[in-house]
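Student: Take this structure first; my questions come after.
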Amino acid sequence: MINFLNLEYFLAAAEELNFTKAARRLYISQQSLSNHILNLEKEFDVILFNRTTPLTLTYAGQALMVRARELLNLKEETYREIADIKDFTTGQLAIGVSHTRGRMILPEILPIYKKQFPNIDLKLIEGNSKELDRDLLHGDVDLIIGMLPFSVENIQTVPICEEEILLAVHDEVLERAFPGELASIKAQLSGNLELELLKDCPFLLINKGNRVRTIADEMFEEAQITPHIVLETENIETVLALAAKGMGITFYPKMFMSSHSDLGDKSKHLEKLNFIH
C-alpha cells in the first residue's frame, strides 16, 4: 500500500535531484529521506534514482513523479471536500416530509437555509409517516419533519414547534346524531372534548401509517370506542373537504388551518365546520 508521506518525500527529491537539498527542504535528515525512497523502491520493486552525480531519475522514477503529483493533488482535494462536507459547506441533504406539512413548513425554512448553505444540494422525499420512518431507518433521508411519536428507535428529535390535532365536526353531523340538541352538544364538546359522545357518528380518517391517524387511533382506544369509519384516504385535505360537506368527522392539524385563512369566499364551506381542541 502506497504511503503518502513516502510519495511527498520522493517528489521533493525528484524535484531537487539532490538528497541533501531535499532533506533540508523537508526538515528531515538525509538518512530518513533515503529510507523513504528505499521503501518506495521496495514497494514497486524498481529503482527510482540513478545514484550518480548529478542524481537522475530512472524511467520508472520519471513515471512515478508524474503520478505522485496527481495522487498528492487528489489527496488534497479529497481532504478539502471532506472538510467542506463536515462543515456543511457542500454536500447533499435529503429531507423527508408529508405533502401537506411540506407545503406549510418548507417555504418558511428552505429559502433561508439555501441562502446560508448555497452549495448544499437539497433532495425532497415526500410520503406518509410510515414511509418516511422507513426511509429514515434505511438511511434514504437525513431527517424527517413530522409529528411525534416516531416509530424509529435510536433517533434524535428536535422540537421546532407545537402541533395540536383538532377534531373537525360539521353541524349537520351533530344535528343528525343529536336532533334538537345542536347548541348544547357544541357547548359540551367545546368545554371538554368527550370523544365517547361521538361514538355513533361517522368518521373520515386518513390511512393507517400516517401520524395523525396514529394519534386518532390512540384517542379512540383511550375513549374505549370503535369508530364507525365511512372512508379512509391518504390525503388529509380530502377528509377535511368531505367533513366540510357533513359526510363525517375527521382529525386535522391546527398548523394546517393557516392554509385556509386566506381563501376568502372559498373558505365559506368551512363556516359550519367546528374545530374542537
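By order of appearance in the C-alpha cells: chains A, B, ..., then residues from 1 within every chain, and ligands from 1 in the order shown.
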Please tabulate, as a Markdown table, the residues of range 159-178 of chain A that come within 12 Å of range 206-226 of chain A, each with its closest pair of atoms and the distance in Å to one decimal, counting only C-alpha atoms and ordering rows by chain, then residue number upward.
Tutor:
```
| residue | atom | partner | partner_atom | distance |
| --- | --- | --- | --- | --- |
| A:Glu163 | CA | A:Val212 | CA | 10.7 |
| A:Glu164 | CA | A:Val212 | CA | 10.1 |
| A:Ile165 | CA | A:Val212 | CA | 7.6 |
| A:Leu166 | CA | A:Val212 | CA | 10.1 |
| A:Leu167 | CA | A:Ala216 | CA | 9.4 |
```
Student: So that I can check the surroundings of range 195-202 of chain A, please list as a PyMOL selection string every protein, DNA and RNA residue that reaches within 12 Å of it, counting only C-alpha atoms and ignoring chain neighbours fewer than 5 positions away.
Tutor: chain A and resi 166-178+185-186+188-190+216-232+239+242-243+246-251+276-277
Student: List every residue of range 76-272 of chain A that DSSP, applied to the backbone of this structure, places in strand (DSSP E or B), and write the result as a ChimeraX atom specification.
Tutor: /A:91-97,120-126,143-145,165-170,202-206,228-233,249-253
Student: Would you mind exporting C-alpha atoms of the selected residues as an mmCIF file, in the first residue's frame?
Tutor:
```
data_model
loop_
_atom_site.group_PDB
_atom_site.id
_atom_site.type_symbol
_atom_site.label_atom_id
_atom_site.label_comp_id
_atom_site.auth_asym_id
_atom_site.auth_seq_id
_atom_site.Cartn_x
_atom_site.Cartn_y
_atom_site.Cartn_z
ATOM 1 C CA GLY A 91 -22.905 18.055 0.101
ATOM 2 C CA GLN A 92 -26.484 16.805 -0.053
ATOM 3 C CA LEU A 93 -29.345 16.993 2.432
ATOM 4 C CA ALA A 94 -32.294 14.622 1.939
ATOM 5 C CA ILE A 95 -35.435 15.795 3.760
ATOM 6 C CA GLY A 96 -38.479 13.610 4.375
ATOM 7 C CA VAL A 97 -41.845 15.321 4.840
ATOM 8 C CA ILE A 120 -25.819 22.038 -0.308
ATOM 9 C CA ASP A 121 -27.935 20.069 -2.784
ATOM 10 C CA LEU A 122 -31.435 19.602 -1.390
ATOM 11 C CA LYS A 123 -33.401 16.419 -2.018
ATOM 12 C CA LEU A 124 -37.057 16.201 -1.006
ATOM 13 C CA ILE A 125 -38.713 12.862 -0.243
ATOM 14 C CA GLU A 126 -42.497 13.040 0.248
ATOM 15 C CA LEU A 143 -34.005 13.962 8.577
ATOM 16 C CA ILE A 144 -37.786 13.956 8.808
ATOM 17 C CA ILE A 145 -40.076 16.890 9.510
ATOM 18 C CA ILE A 165 -54.711 17.993 16.451
ATOM 19 C CA LEU A 166 -58.243 19.341 16.137
ATOM 20 C CA LEU A 167 -61.490 17.436 15.762
ATOM 21 C CA ALA A 168 -63.430 18.750 12.754
ATOM 22 C CA VAL A 169 -67.191 18.270 13.246
ATOM 23 C CA HIS A 170 -69.869 19.700 10.938
ATOM 24 C CA PRO A 202 -69.406 8.637 11.058
ATOM 25 C CA PHE A 203 -65.656 9.253 10.852
ATOM 26 C CA LEU A 204 -63.423 10.151 7.926
ATOM 27 C CA LEU A 205 -59.825 9.102 8.563
ATOM 28 C CA ILE A 206 -56.539 9.132 6.724
ATOM 29 C CA HIS A 228 -67.740 3.970 12.511
ATOM 30 C CA ILE A 229 -65.325 4.712 9.654
ATOM 31 C CA VAL A 230 -67.109 5.601 6.416
ATOM 32 C CA LEU A 231 -63.989 6.461 4.412
ATOM 33 C CA GLU A 232 -60.208 6.231 4.612
ATOM 34 C CA THR A 233 -57.838 8.091 2.292
ATOM 35 C CA ILE A 249 -65.947 13.754 11.499
ATOM 36 C CA THR A 250 -62.208 13.937 10.983
ATOM 37 C CA PHE A 251 -58.967 14.955 12.690
ATOM 38 C CA TYR A 252 -56.969 17.865 11.336
ATOM 39 C CA PRO A 253 -53.676 19.510 12.473
#
```
Student: With only C-alpha atoms as the basis for distance, which of A:Glu43, A:Ala60, A:Ile112, A:Met65 is at the shortest distance from Tyr9 in chain A?
Tutor: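 Ranked by minimum distance to Tyr9 in chain A, first place goes to A:Met65.
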Student: Quick one: residues within 10 Å of Asn50 in chain A, only C-alpha atoms, excluding same-chain residues fewer than 5 positions away - as an NGL selection string?
Tutor: :A and (55-59 or 61)
Student: Skip Arg103 in chain A itself and residues of its chain fewer than 3 positions away, then list as a list in words all residues within 12 Å of it, counting only C-alpha atoms.
Tutor: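 The residues that qualify are Val97, Ser98, His99, Thr100, Leu106, Pro107, Glu108, Ile109, Leu110, Leu124, Glu126, Ile145, Met255, Phe256, Ser258 and Ser259 of chain A.
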Student: Within range 14-63 of chain A, find each residue whose DSSP state, derived from the backbone, is alpha helix (DSSP H), and express the selection as JSON, numbers by chain.
Tutor: {"A": [14, 15, 16, 19, 20, 21, 22, 23, 24, 25, 26, 30, 31, 32, 33, 34, 35, 36, 37, 38, 39, 40, 41, 42, 43, 44, 59, 60, 61, 62, 63]}
Student: Could you take the residues named above and write them with N, CA and C atoms, as an mmCIF file, in the first residue's frame?
Tutor:
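What landed in again_32.cif:
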```
data_model
loop_
_atom_site.group_PDB
_atom_site.id
_atom_site.type_symbol
_atom_site.label_atom_id
_atom_site.label_comp_id
_atom_site.auth_asym_id
_atom_site.auth_seq_id
_atom_site.Cartn_x
_atom_site.Cartn_y
_atom_site.Cartn_z
ATOM 1 N N ALA A 14 12.813 14.192 -6.207
ATOM 2 C CA ALA A 14 12.769 14.186 -7.667
ATOM 3 C C ALA A 14 12.854 15.603 -8.220
ATOM 4 N N GLU A 15 12.296 16.552 -7.516
ATOM 5 C CA GLU A 15 12.328 17.942 -7.981
ATOM 6 C C GLU A 15 13.705 18.578 -7.737
ATOM 7 N N GLU A 16 14.323 18.218 -6.624
ATOM 8 C CA GLU A 16 15.632 18.799 -6.293
ATOM 9 C C GLU A 16 16.774 18.059 -6.987
ATOM 10 N N PHE A 19 19.645 14.753 -2.691
ATOM 11 C CA PHE A 19 19.087 14.295 -1.425
ATOM 12 C C PHE A 19 19.354 15.281 -0.291
ATOM 13 N N THR A 20 20.509 15.902 -0.321
ATOM 14 C CA THR A 20 20.852 16.852 0.752
ATOM 15 C C THR A 20 19.905 18.045 0.728
ATOM 16 N N LYS A 21 19.694 18.631 -0.453
ATOM 17 C CA LYS A 21 18.792 19.786 -0.577
ATOM 18 C C LYS A 21 17.350 19.391 -0.254
ATOM 19 N N ALA A 22 16.955 18.216 -0.739
ATOM 20 C CA ALA A 22 15.590 17.768 -0.486
ATOM 21 C C ALA A 22 15.347 17.540 1.006
ATOM 22 N N ALA A 23 16.330 16.936 1.690
ATOM 23 C CA ALA A 23 16.190 16.702 3.126
ATOM 24 C C ALA A 23 16.106 18.016 3.890
ATOM 25 N N ARG A 24 16.925 18.992 3.460
ATOM 26 C CA ARG A 24 16.886 20.305 4.110
ATOM 27 C C ARG A 24 15.513 20.964 3.885
ATOM 28 N N ARG A 25 14.991 20.840 2.693
ATOM 29 C CA ARG A 25 13.674 21.410 2.353
ATOM 30 C C ARG A 25 12.557 20.757 3.179
ATOM 31 N N LEU A 26 12.711 19.474 3.481
ATOM 32 C CA LEU A 26 11.685 18.741 4.224
ATOM 33 C C LEU A 26 11.906 18.784 5.732
ATOM 34 N N GLN A 30 19.062 13.406 5.991
ATOM 35 C CA GLN A 30 19.265 12.781 4.692
ATOM 36 C C GLN A 30 19.044 11.271 4.785
ATOM 37 N N GLN A 31 19.422 10.683 5.908
ATOM 38 C CA GLN A 31 19.216 9.241 6.105
ATOM 39 C C GLN A 31 17.734 8.881 6.117
ATOM 40 N N SER A 32 16.930 9.733 6.784
ATOM 41 C CA SER A 32 15.482 9.494 6.836
ATOM 42 C C SER A 32 14.876 9.575 5.439
ATOM 43 N N LEU A 33 15.321 10.552 4.647
ATOM 44 C CA LEU A 33 14.842 10.679 3.272
ATOM 45 C C LEU A 33 15.213 9.442 2.464
ATOM 46 N N SER A 34 16.444 8.995 2.601
ATOM 47 C CA SER A 34 16.904 7.806 1.868
ATOM 48 C C SER A 34 16.060 6.576 2.228
ATOM 49 N N ASN A 35 15.670 6.476 3.499
ATOM 50 C CA ASN A 35 14.855 5.347 3.929
ATOM 51 C C ASN A 35 13.474 5.364 3.264
ATOM 52 N N HIS A 36 12.892 6.557 3.147
ATOM 53 C CA HIS A 36 11.583 6.682 2.500
ATOM 54 C C HIS A 36 11.668 6.307 1.019
ATOM 55 N N ILE A 37 12.756 6.732 0.362
ATOM 56 C CA ILE A 37 12.944 6.393 -1.048
ATOM 57 C C ILE A 37 13.119 4.883 -1.206
ATOM 58 N N LEU A 38 13.889 4.271 -0.315
ATOM 59 C CA LEU A 38 14.092 2.826 -0.363
ATOM 60 C C LEU A 38 12.775 2.071 -0.145
ATOM 61 N N ASN A 39 11.952 2.584 0.731
ATOM 62 C CA ASN A 39 10.651 1.953 0.971
ATOM 63 C C ASN A 39 9.797 1.942 -0.295
ATOM 64 N N LEU A 40 9.822 3.073 -1.034
ATOM 65 C CA LEU A 40 9.075 3.134 -2.286
ATOM 66 C C LEU A 40 9.647 2.169 -3.321
ATOM 67 N N GLU A 41 10.967 2.109 -3.402
ATOM 68 C CA GLU A 41 11.594 1.208 -4.369
ATOM 69 C C GLU A 41 11.265 -0.250 -4.048
ATOM 70 N N LYS A 42 11.168 -0.576 -2.760
ATOM 71 C CA LYS A 42 10.762 -1.920 -2.369
ATOM 72 C C LYS A 42 9.290 -2.157 -2.703
ATOM 73 N N GLU A 43 8.487 -1.133 -2.506
ATOM 74 C CA GLU A 43 7.058 -1.247 -2.786
ATOM 75 C C GLU A 43 6.807 -1.583 -4.249
ATOM 76 N N PHE A 44 7.497 -0.871 -5.150
ATOM 77 C CA PHE A 44 7.293 -1.070 -6.588
ATOM 78 C C PHE A 44 8.284 -2.061 -7.211
ATOM 79 N N TYR A 59 13.620 5.725 -15.654
ATOM 80 C CA TYR A 59 12.352 5.838 -16.391
ATOM 81 C C TYR A 59 11.167 5.607 -15.447
ATOM 82 N N ALA A 60 11.339 4.633 -14.532
ATOM 83 C CA ALA A 60 10.297 4.381 -13.537
ATOM 84 C C ALA A 60 10.123 5.580 -12.614
ATOM 85 N N GLY A 61 11.230 6.202 -12.244
ATOM 86 C CA GLY A 61 11.174 7.379 -11.386
ATOM 87 C C GLY A 61 10.456 8.538 -12.062
ATOM 88 N N GLN A 62 10.684 8.724 -13.364
ATOM 89 C CA GLN A 62 10.003 9.779 -14.110
ATOM 90 C C GLN A 62 8.493 9.534 -14.148
ATOM 91 N N ALA A 63 8.115 8.263 -14.362
ATOM 92 C CA ALA A 63 6.690 7.935 -14.403
ATOM 93 C C ALA A 63 6.048 8.159 -13.035
#
```
Student: Kindly indicate which residue among A:Leu137, A:Gln156, A:Leu273, A:Tyr113 lies nearest to Ala241 in chain A, using only C-alpha atoms for the distances.
Tutor: A:Leu273
